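Structure first, commentary second.
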Amino acid sequence: MSKQKQILVDIEIDKLTNSIENAVSGDIFDTEIYQLYAKDSISINKTDWLFNWRDQLKLQDRKTYKLVIKDNPKIIQGLISLSDRGDHIYMHLIESAKFNKGKNKLYAGVPGNLVAFACKLSFDKGFDGYLAFDAKTVLIKHYQDTLFATHFKGTKMMIETPAANRLINQYFKK
């Protein structure tokens, strides 16, 4: 298989919520995250997404997860593609559904929810919450401010244990 072109993380973290929040009413909706499999690709409406998620599902080195509202698993709110790198989780791609972007978005908090999930997965695998990703240069400061991420070098960023704990506690309250 040919080498994948690196895609830089390019998503605005609109708001850190405690789940996802209706952008108009402020109502909070509980969410669930499930792994998405190639057989599920029919549920990905290409018009709702900037990236080709069906291609992500074909790659053996990563898993794709979908964020849905609890009791409404058919409507995907956001997607994330992650790899287990043996000592940390790597975030390849993250995206909110088209209806959760821009000034007329339906729900806020989708990207933060997905990143918190990736950090939780890192803890579950014994990686102390470490999450790495490559960010578009113009968003590095944004990720430092919103996700408490550390800028490592060039476009490389990481979320370390204290920041991962903050995000997990925000989204995965017991």
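Going through the structure tokens in order, the chains are called A, B, and so on, while each chain numbers its residues from 1 and the ligands are numbered from 1 in the order shown.
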**Request:** Assign secondary structure with DSSP using the backbone only, and return the residues of range 29-150 of chain A in alpha helix (DSSP H) as a PyMOL selection string.
**Result:** chain A and resi 53-58+110-124+140-147
**Request:** For range 5-19 of chain A, please output as a list in words all residues within 6 Å (counting only C-alpha atoms; exclusion window: fewer than 4 positions along the same chain).
**Result:** Asp30, Gly109, Pro111, Gly112, Asp134, Ala135, Lys136, Gln170 and Tyr171 of chain A
**Contacts of Phe172 in chain A within 9 Å, only C-alpha atoms, excl. fewer than 2 positions in-chain, as a VMD selection string** = chain A and resid 18 to 19 113 116 to 117 120 167 to 170 174
**Message:** as a ChimeraX atom specification, please: the residues near Tyr37 in chain A (cut-off 9 Å, only C-alpha atoms, same-chain neighbours under 5 positions excluded).
**Reply:** /A:57-58,63-65
**Near-Ala164 in chain A list (9 Å; only C-alpha atoms; drop same-chain fewer than 6 positions) as a VMD selection string** = chain A and resid 115 to 116 118 to 120 122 to 123 128 to 131 147 to 149
Please produce an output containing all heavy atoms for each residue in the selection, written as a compact mmCIF listing (two decimals), in the first residue's frame.
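Final output, saved to selection01.txt:
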# COMPACT_ATOMS: atom_id res chain seq x y z
N VAL A 115 -11.61 14.43 21.42
CA VAL A 115 -10.23 14.47 21.93
C VAL A 115 -10.18 13.89 23.34
O VAL A 115 -9.26 13.14 23.67
CB VAL A 115 -9.66 15.91 21.88
CG1 VAL A 115 -8.31 15.98 22.58
CG2 VAL A 115 -9.54 16.38 20.43
N ALA A 116 -11.17 14.20 24.17
CA ALA A 116 -11.22 13.63 25.52
C ALA A 116 -11.31 12.10 25.44
O ALA A 116 -10.67 11.40 26.23
CB ALA A 116 -12.40 14.20 26.30
N ALA A 118 -10.08 10.23 23.07
CA ALA A 118 -8.74 9.74 22.67
C ALA A 118 -7.81 9.70 23.88
O ALA A 118 -7.04 8.74 24.05
CB ALA A 118 -8.16 10.61 21.56
N CYS A 119 -7.90 10.70 24.74
CA CYS A 119 -7.09 10.72 25.97
C CYS A 119 -7.49 9.59 26.90
O CYS A 119 -6.64 8.92 27.50
CB CYS A 119 -7.23 12.06 26.68
SG CYS A 119 -6.50 13.45 25.78
N LYS A 120 -8.80 9.35 27.02
CA LYS A 120 -9.29 8.26 27.86
C LYS A 120 -8.80 6.92 27.32
O LYS A 120 -8.38 6.04 28.09
CB LYS A 120 -10.82 8.29 27.92
CG LYS A 120 -11.42 7.26 28.85
CD LYS A 120 -12.92 7.41 28.91
CE LYS A 120 -13.58 6.42 29.82
NZ LYS A 120 -13.27 5.02 29.55
N SER A 122 -6.10 6.42 25.71
CA SER A 122 -4.68 6.37 26.06
C SER A 122 -4.50 5.87 27.50
O SER A 122 -3.64 5.03 27.77
CB SER A 122 -4.03 7.74 25.87
OG SER A 122 -2.71 7.73 26.32
N PHE A 123 -5.30 6.38 28.43
CA PHE A 123 -5.24 5.89 29.81
C PHE A 123 -5.63 4.42 29.88
O PHE A 123 -4.97 3.62 30.56
CB PHE A 123 -6.16 6.70 30.73
CG PHE A 123 -5.51 7.91 31.31
CD1 PHE A 123 -5.92 9.18 30.92
CD2 PHE A 123 -4.51 7.81 32.26
CE1 PHE A 123 -5.34 10.31 31.45
CE2 PHE A 123 -3.91 8.94 32.81
CZ PHE A 123 -4.34 10.19 32.40
N ASP A 128 -0.89 6.66 30.06
CA ASP A 128 -0.96 7.86 30.91
C ASP A 128 -1.64 9.06 30.25
O ASP A 128 -1.33 10.21 30.56
CB ASP A 128 0.43 8.27 31.40
CG ASP A 128 1.05 7.21 32.30
OD1 ASP A 128 0.31 6.54 33.03
OD2 ASP A 128 2.29 7.05 32.25
N GLY A 129 -2.53 8.80 29.30
CA GLY A 129 -3.28 9.88 28.67
C GLY A 129 -2.58 10.55 27.50
O GLY A 129 -3.14 11.45 26.88
N TYR A 130 -1.38 10.13 27.17
CA TYR A 130 -0.62 10.79 26.11
C TYR A 130 -1.29 10.63 24.75
O TYR A 130 -1.60 9.53 24.32
CB TYR A 130 0.82 10.26 26.05
CG TYR A 130 1.70 10.94 27.07
CD1 TYR A 130 1.74 10.48 28.39
CD2 TYR A 130 2.48 12.03 26.72
CE1 TYR A 130 2.53 11.11 29.33
CE2 TYR A 130 3.29 12.65 27.66
CZ TYR A 130 3.30 12.20 28.96
OH TYR A 130 4.08 12.83 29.89
N LEU A 131 -1.48 11.77 24.11
CA LEU A 131 -2.08 11.84 22.78
C LEU A 131 -1.22 12.78 21.94
O LEU A 131 -0.94 13.90 22.35
CB LEU A 131 -3.51 12.39 22.86
CG LEU A 131 -4.21 12.66 21.54
CD1 LEU A 131 -4.52 11.35 20.82
CD2 LEU A 131 -5.49 13.45 21.78
N LEU A 147 -7.02 22.95 24.54
CA LEU A 147 -6.81 21.55 24.92
C LEU A 147 -5.66 21.38 25.91
O LEU A 147 -5.36 20.26 26.31
CB LEU A 147 -6.52 20.69 23.68
CG LEU A 147 -7.62 20.63 22.64
CD1 LEU A 147 -7.14 19.86 21.41
CD2 LEU A 147 -8.87 19.99 23.22
N PHE A 148 -4.97 22.49 26.23
CA PHE A 148 -3.82 22.46 27.13
C PHE A 148 -2.70 21.61 26.55
O PHE A 148 -1.93 20.99 27.28
CB PHE A 148 -4.23 21.97 28.54
CG PHE A 148 -5.60 22.43 28.95
CD1 PHE A 148 -6.67 21.55 29.00
CD2 PHE A 148 -5.83 23.77 29.24
CE1 PHE A 148 -7.94 21.98 29.35
CE2 PHE A 148 -7.10 24.21 29.60
CZ PHE A 148 -8.15 23.31 29.65
N ALA A 149 -2.66 21.56 25.21
CA ALA A 149 -1.66 20.76 24.50
C ALA A 149 -0.30 21.44 24.55
O ALA A 149 -0.19 22.66 24.67
CB ALA A 149 -2.09 20.55 23.05
**Request:** Name the closest residue to Gln56 in chain A among the candidates A:Ser41, A:Asn100, A:Thr31, A:Thr146; distances are taken between atoms, counting only C-alpha atoms.
**Result:**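 Of A:Ser41, A:Asn100, A:Thr31, A:Thr146, the one nearest Gln56 in chain A is A:Ser41, counting only C-alpha atoms.
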**Message:** At a cut-off of 7 Å, using only C-alpha atoms, what residues contact range 49-51 of chain A? Leave out same-chain residues fewer than 3 positions from it and give the result as a list in words.
**Reply:** Lys46, Ala97 and Lys98 of chain A
Residues of the last selection are to be written out with all heavy atoms, as a PDB file, in the first residue's frame.
ATOM      1  N   LYS A  46     -21.343  11.194   2.470  1.00  0.00           N
ATOM      2  CA  LYS A  46     -20.198  11.982   2.002  1.00  0.00           C
ATOM      3  C   LYS A  46     -20.451  13.487   2.044  1.00  0.00           C
ATOM      4  O   LYS A  46     -19.522  14.269   2.238  1.00  0.00           O
ATOM      5  CB  LYS A  46     -19.820  11.575   0.577  1.00  0.00           C
ATOM      6  CG  LYS A  46     -19.121  10.253   0.473  1.00  0.00           C
ATOM      7  CD  LYS A  46     -18.724   9.988  -0.970  1.00  0.00           C
ATOM      8  CE  LYS A  46     -18.022   8.669  -1.111  1.00  0.00           C
ATOM      9  NZ  LYS A  46     -17.590   8.420  -2.483  1.00  0.00           N
ATOM     10  N   ALA A  97     -19.391  16.681  12.091  1.00  0.00           N
ATOM     11  CA  ALA A  97     -20.307  16.620  10.957  1.00  0.00           C
ATOM     12  C   ALA A  97     -20.589  18.042  10.474  1.00  0.00           C
ATOM     13  O   ALA A  97     -20.519  19.000  11.251  1.00  0.00           O
ATOM     14  CB  ALA A  97     -21.602  15.928  11.358  1.00  0.00           C
ATOM     15  N   LYS A  98     -20.927  18.163   9.208  1.00  0.00           N
ATOM     16  CA  LYS A  98     -21.138  19.483   8.591  1.00  0.00           C
ATOM     17  C   LYS A  98     -22.141  20.331   9.379  1.00  0.00           C
ATOM     18  O   LYS A  98     -21.940  21.531   9.555  1.00  0.00           O
ATOM     19  CB  LYS A  98     -21.620  19.297   7.148  1.00  0.00           C
ATOM     20  CG  LYS A  98     -21.889  20.593   6.419  1.00  0.00           C
ATOM     21  CD  LYS A  98     -22.161  20.399   4.937  1.00  0.00           C
ATOM     22  CE  LYS A  98     -23.458  19.687   4.728  1.00  0.00           C
ATOM     23  NZ  LYS A  98     -23.829  19.562   3.313  1.00  0.00           N
TER      24      LYS A  98
END
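Compared by their closest atoms to Asp40 in chain A, and using only C-alpha atoms, the residues A:Asn22, A:Lys74, A:Asn165, A:Leu59 rank with A:Lys74 nearest.
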**Asked** For the atom pair CA of Ser81 in chain A and CA of Gln144 in chain A, what is the interatomic distance in Å to one decimal place?
**Response**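 Going from CA of Ser81 in chain A over to CA of Gln144 in chain A covers 20.7 Å.
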**Message:** Going by DSSP on the backbone, which residues of range 26-105 of chain A come out as strand (DSSP E or B)? List them as a ChimeraX atom specification.
**Reply:** /A:28-29,31-36,63-69,72-84,89-96
**Request:** Show which residues sit within 10 Å of Gln77 in chain A, as a list in words. Count only C-alpha atoms, and ignore same-chain residues fewer than 6 positions away.
**Result:**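 The contact residues come out as Ile20, Thr31, Ile33, Asp48, Lys66, Leu67, Val68, Ile69, Glu95, Ser96, Ala97, Lys98, Phe99, Asn100, Leu106, Tyr107, Val110, Pro111 and Leu114 of chain A.
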May I have the residues from that selection written out with N, CA, C and O atoms, as an mmCIF file, in the first residue's frame?
data_model
loop_
_atom_site.group_PDB
_atom_site.id
_atom_site.type_symbol
_atom_site.label_atom_id
_atom_site.label_comp_id
_atom_site.auth_asym_id
_atom_site.auth_seq_id
_atom_site.Cartn_x
_atom_site.Cartn_y
_atom_site.Cartn_z
ATOM 1 N N ILE A 20 -22.273 17.090 24.673
ATOM 2 C CA ILE A 20 -22.426 18.068 23.593
ATOM 3 C C ILE A 20 -23.626 18.929 23.948
ATOM 4 O O ILE A 20 -24.527 18.510 24.671
ATOM 5 N N THR A 31 -23.635 11.563 25.282
ATOM 6 C CA THR A 31 -23.093 10.979 24.060
ATOM 7 C C THR A 31 -22.490 9.607 24.331
ATOM 8 O O THR A 31 -22.215 9.252 25.477
ATOM 9 N N ILE A 33 -19.547 6.820 22.246
ATOM 10 C CA ILE A 33 -18.565 6.696 21.163
ATOM 11 C C ILE A 33 -18.398 5.218 20.856
ATOM 12 O O ILE A 33 -18.207 4.405 21.759
ATOM 13 N N ASP A 48 -21.832 15.165 4.313
ATOM 14 C CA ASP A 48 -21.702 15.683 5.680
ATOM 15 C C ASP A 48 -20.255 15.864 6.129
ATOM 16 O O ASP A 48 -20.017 16.338 7.231
ATOM 17 N N LYS A 66 -16.925 6.912 16.080
ATOM 18 C CA LYS A 66 -17.991 7.881 15.838
ATOM 19 C C LYS A 66 -18.597 8.329 17.159
ATOM 20 O O LYS A 66 -18.751 7.543 18.094
ATOM 21 N N LEU A 67 -18.925 9.597 17.218
ATOM 22 C CA LEU A 67 -19.605 10.194 18.360
ATOM 23 C C LEU A 67 -21.077 10.344 17.992
ATOM 24 O O LEU A 67 -21.399 10.903 16.938
ATOM 25 N N VAL A 68 -21.947 9.821 18.851
ATOM 26 C CA VAL A 68 -23.387 9.914 18.628
ATOM 27 C C VAL A 68 -24.062 10.364 19.918
ATOM 28 O O VAL A 68 -23.495 10.242 21.008
ATOM 29 N N ILE A 69 -25.263 10.868 19.784
ATOM 30 C CA ILE A 69 -26.069 11.181 20.960
ATOM 31 C C ILE A 69 -26.651 9.875 21.484
ATOM 32 O O ILE A 69 -27.103 9.029 20.709
ATOM 33 N N GLU A 95 -13.027 15.288 12.873
ATOM 34 C CA GLU A 95 -13.940 16.178 12.147
ATOM 35 C C GLU A 95 -15.327 16.129 12.782
ATOM 36 O O GLU A 95 -15.813 15.072 13.172
ATOM 37 N N SER A 96 -15.958 17.288 12.838
ATOM 38 C CA SER A 96 -17.366 17.386 13.214
ATOM 39 C C SER A 96 -18.197 17.238 11.948
ATOM 40 O O SER A 96 -17.774 17.655 10.863
ATOM 41 N N ALA A 97 -19.391 16.681 12.091
ATOM 42 C CA ALA A 97 -20.307 16.620 10.957
ATOM 43 C C ALA A 97 -20.589 18.042 10.474
ATOM 44 O O ALA A 97 -20.519 19.000 11.251
ATOM 45 N N LYS A 98 -20.927 18.163 9.208
ATOM 46 C CA LYS A 98 -21.138 19.483 8.591
ATOM 47 C C LYS A 98 -22.141 20.331 9.379
ATOM 48 O O LYS A 98 -21.940 21.531 9.555
ATOM 49 N N PHE A 99 -23.176 19.695 9.922
ATOM 50 C CA PHE A 99 -24.200 20.443 10.657
ATOM 51 C C PHE A 99 -23.722 20.887 12.040
ATOM 52 O O PHE A 99 -24.428 21.597 12.744
ATOM 53 N N ASN A 100 -22.500 20.507 12.436
ATOM 54 C CA ASN A 100 -21.913 20.949 13.706
ATOM 55 C C ASN A 100 -20.737 21.890 13.484
ATOM 56 O O ASN A 100 -19.866 22.019 14.344
ATOM 57 N N LEU A 106 -25.362 22.964 14.939
ATOM 58 C CA LEU A 106 -26.418 22.414 15.778
ATOM 59 C C LEU A 106 -25.906 22.138 17.197
ATOM 60 O O LEU A 106 -26.550 22.490 18.172
ATOM 61 N N TYR A 107 -24.705 21.513 17.288
ATOM 62 C CA TYR A 107 -24.142 21.167 18.596
ATOM 63 C C TYR A 107 -22.728 21.693 18.753
ATOM 64 O O TYR A 107 -21.920 21.615 17.828
ATOM 65 N N VAL A 110 -18.382 18.985 20.160
ATOM 66 C CA VAL A 110 -18.070 17.719 19.491
ATOM 67 C C VAL A 110 -16.563 17.455 19.439
ATOM 68 O O VAL A 110 -16.113 16.390 19.862
ATOM 69 N N PRO A 111 -15.744 18.396 18.945
ATOM 70 C CA PRO A 111 -14.300 18.102 18.876
ATOM 71 C C PRO A 111 -13.675 17.828 20.244
ATOM 72 O O PRO A 111 -12.886 16.892 20.390
ATOM 73 N N LEU A 114 -14.437 14.311 21.370
ATOM 74 C CA LEU A 114 -13.642 13.296 20.676
ATOM 75 C C LEU A 114 -12.199 13.262 21.176
ATOM 76 O O LEU A 114 -11.618 12.187 21.354
#
**Item:** Residue among A:His151, A:Met157, A:Glu32, A:Leu79 lying closest to Ile44 in chain A, counting only C-alpha atoms
**Value:** A:Leu79
